[in-house]
Amino acid sequence: MYDLHSHILPGIDDGPRSKNESLELILAASRSGIKTLIATPHMKDVNEKRSVRYTQEVLRLLQQDVKSLNLSIRLKMGMENHLAPNTPDMFKAGKSLTINSTNFALIELPFFGYPDYVDDTLQELQQNGITPVLAHPERIELIQNNPAKLEQFVNQGMVSQVTSGSLIGQFGKEVKSFTEMLVTKGMAHVMSSDCHRPFGRRAPDLHVGYQAAYRLIGEAKAKMLVCHNPKSIINGTYTSHTL
Ligand SMILES: [Fe+2]
C-alpha cells in the first residue's frame, strides 16, 4: 500500500516527539503493509518552527535509520498545506511542497466555515499546474454540509483523499457514515492513514481501513484507494478518477 498522508518526522509538528517514536511509527506502518510513506508535516509548523531545509534533513536521517534497520518501506517528502490566500505564493517560494516533487499537492481546506478565498485559491493552484489532493474532506465542515461541493472540486480535476480512521469510526459515527457515503459513491480516490502515533487512534492502520473499504466496494475498488491511485500520484502519472 501507498500512504500519501502521514506525520512521521520527529519534533516537527504534532507527530512523533522523538526519533525512537518515529521509528516505532514507521515499523507499525510497515507491519500494516505500507510500502511507501509520504511524510506530510504541517506547512505552518515546518516554516514557523523549523525550515524546509531542516525538515528535509530530518527525513534524510530517518531514511538512513530505516535502511540500517532493513525495513522494506520507502519514505518520501511531501507536506500538508493548509489552504490560505497566499498558498500559491508559498509554493512558488518553495515553502509549500508537493508530494514527492510531483504536480500533486496535499491541501487541507479550512476545518470550519467557508472563507471566500477557497474556490479562487484552489483554481489559482490548478492554473499554476498543481493538482490539489484534498485532505480528509469527510472532516471538513464545508463538505459535510454540502457534499456537492466536493463533487464540484472533483469535476474540476481535484483528488479526494479520505482517512482510514474515518472509515472505521475513529472520528465518530457521523464522520464514519459520511465517509462510507463518499467511498460508496466514488467520491474518494485515495485512502491514507494521516498517522501521528505508533499506537492508538492516530496509528498507521491503513490495512483496517482497506478491509472496511473492501466490505463496502469490493477488492478491486478498495485496492484503487490504497494501491493504484496513490502509487500513480507518487509517480506523478495519475490522470483520471478511475473509480
Ligand atoms: Fe494530517
# chains A, B, ... in the order shown; residues from 1 in each chain; ligands from 1

$ residues_near_ligand --ligand "ligand 1" --cutoff "10 Å" --atoms "only C-alpha atoms and all ligand atoms" --output "VMD selection string"
chain A and resid 4 to 7 13 to 15 39 to 42 79 to 82 106 to 108 135 to 136 163 192 to 196 202

$ write_last_selection --atoms "C-alpha atoms" --output "PDB file, in the first residue's frame"
ATOM      1  CA  LEU A   4       0.094   9.811   0.884  1.00  0.00           C
ATOM      2  CA  HIS A   5      -0.594  11.454   4.240  1.00  0.00           C
ATOM      3  CA  SER A   6       1.431  10.893   7.416  1.00  0.00           C
ATOM      4  CA  HIS A   7       3.094  12.757  10.254  1.00  0.00           C
ATOM      5  CA  ASP A  13       4.660  19.085  14.071  1.00  0.00           C
ATOM      6  CA  ASP A  14       2.150  17.218  16.256  1.00  0.00           C
ATOM      7  CA  GLY A  15       3.588  13.888  15.118  1.00  0.00           C
ATOM      8  CA  ALA A  39       5.923  12.426   5.145  1.00  0.00           C
ATOM      9  CA  THR A  40       3.466  15.330   5.150  1.00  0.00           C
ATOM     10  CA  PRO A  41       4.313  17.608   8.090  1.00  0.00           C
ATOM     11  CA  HIS A  42       2.097  20.652   8.562  1.00  0.00           C
ATOM     12  CA  MET A  79       3.682  18.454   3.083  1.00  0.00           C
ATOM     13  CA  GLU A  80       0.186  19.069   4.428  1.00  0.00           C
ATOM     14  CA  ASN A  81      -0.560  22.556   3.162  1.00  0.00           C
ATOM     15  CA  HIS A  82      -3.484  24.311   4.827  1.00  0.00           C
ATOM     16  CA  LEU A 106      -1.877  17.656  -0.309  1.00  0.00           C
ATOM     17  CA  ILE A 107      -4.179  20.568   0.523  1.00  0.00           C
ATOM     18  CA  GLU A 108      -6.141  20.918   3.748  1.00  0.00           C
ATOM     19  CA  ALA A 135      -7.034  16.044   2.656  1.00  0.00           C
ATOM     20  CA  HIS A 136      -9.821  14.261   4.589  1.00  0.00           C
ATOM     21  CA  THR A 163      -8.580   8.965   6.060  1.00  0.00           C
ATOM     22  CA  SER A 192      -4.399   7.389   3.593  1.00  0.00           C
ATOM     23  CA  SER A 193      -3.605   6.919   7.271  1.00  0.00           C
ATOM     24  CA  ASP A 194      -2.872  10.525   8.397  1.00  0.00           C
ATOM     25  CA  CYS A 195      -0.943   8.745  11.170  1.00  0.00           C
ATOM     26  CA  HIS A 196       0.600  10.684  14.055  1.00  0.00           C
ATOM     27  CA  ARG A 202      -3.847   8.005  15.101  1.00  0.00           C
TER      28      ARG A 202
END

$ residues_around --residues "range 35-37 of chain A" --least-positions-apart "5" --cutoff "10 Å" --atoms "only C-alpha atoms" --output "ChimeraX atom specification"
/A:1-8,26,29-30,71-78,192-193,227,230-231,234

$ select_by_dssp --residues "range 8-105 of chain A" --states "strand (DSSP E or B)" --output "count of residues only"
14

$ closest_residue --among "A:His207, A:His189, A:Arg215, A:Arg53" --to "Ser232 in chain A" --atoms "only C-alpha atoms"
A:His189

$ closest_residue --among "A:Leu134, A:Val208, A:Leu62, A:Met181" --to "Ser164 in chain A" --atoms "only C-alpha atoms"
A:Val208

$ residues_around --residues "Pro147 in chain A" --least-positions-apart "3" --cutoff "12 Å" --atoms "only C-alpha atoms" --output "list in words"
Pro137, Glu138, Arg139, Ile140, Glu141, Leu142, Ile143, Gln144, Leu150, Glu151, Gln152, Phe153, Val154, Ser160, Phe178, Thr179, Met181, Leu182, Lys185, Met187 and Ala188 of chain A

$ write_last_selection --atoms "C-alpha atoms" --output "JSON list (two decimals), in the first residue's frame"
[["chain", "number", "residue", "atom", "x", "y", "z"],
["A", 137, "PRO", "CA", -12.84, 16.09, 3.06],
["A", 138, "GLU", "CA", -15.04, 13.99, 5.36],
["A", 139, "ARG", "CA", -13.76, 16.02, 8.33],
["A", 140, "ILE", "CA", -14.26, 19.43, 6.69],
["A", 141, "GLU", "CA", -17.46, 21.29, 7.63],
["A", 142, "LEU", "CA", -17.89, 22.82, 4.18],
["A", 143, "ILE", "CA", -18.02, 19.35, 2.61],
["A", 144, "GLN", "CA", -20.04, 17.78, 5.43],
["A", 150, "LEU", "CA", -16.67, 18.04, -3.19],
["A", 151, "GLU", "CA", -18.24, 16.70, -6.36],
["A", 152, "GLN", "CA", -17.67, 20.11, -7.96],
["A", 153, "PHE", "CA", -13.98, 20.14, -6.90],
["A", 154, "VAL", "CA", -13.58, 16.59, -8.25],
["A", 160, "SER", "CA", -10.26, 13.38, -2.81],
["A", 178, "PHE", "CA", -20.30, 10.23, 5.75],
["A", 179, "THR", "CA", -17.02, 8.58, 4.69],
["A", 181, "MET", "CA", -21.13, 7.50, 1.53],
["A", 182, "LEU", "CA", -18.14, 9.16, -0.17],
["A", 185, "LYS", "CA", -20.36, 6.95, -4.40],
["A", 187, "MET", "CA", -16.12, 10.43, -4.19],
["A", 188, "ALA", "CA", -12.90, 9.14, -2.62]]

$ residues_around --residues "range 84-92 of chain A" --least-positions-apart "4" --cutoff "7 Å" --atoms "only C-alpha atoms" --output "PyMOL selection string"
chain A and resi 96-97+117+121+124-125

$ write_last_selection --atoms "C-alpha atoms" --output "CSV table (one decimal), in the first residue's frame"
chain,number,residue,atom,x,y,z
A,96,SER,CA,5.0,24.7,0.5
A,97,LEU,CA,5.9,21.3,-1.1
A,117,TYR,CA,-10.8,32.7,-0.9
A,121,THR,CA,-7.1,29.9,-4.5
A,124,GLU,CA,-5.1,29.5,-9.0
A,125,LEU,CA,-3.2,26.5,-7.8

$ closest_residue --among "A:Asn229, A:Glu219, A:Pro198, A:Leu69" --to "Ser32 in chain A" --atoms "only C-alpha atoms"
A:Pro198

$ closest_residue --among "A:Val52, A:Ala148, A:Val190, A:Ile34" --to "His228 in chain A" --atoms "only C-alpha atoms"
A:Val190

$ closest_residue --among "A:Gln161, A:Thr184, A:Ser166, A:Asn103" --to "Thr239 in chain A" --atoms "only C-alpha atoms"
A:Asn103

$ select_by_dssp --residues "range 99-215 of chain A" --states "helix (DSSP H, G or I)" --output "PyMOL selection string"
chain A and resi 99-101+118-127+137-139+141-145+147-155+164-167+173-184+200-202+206-215
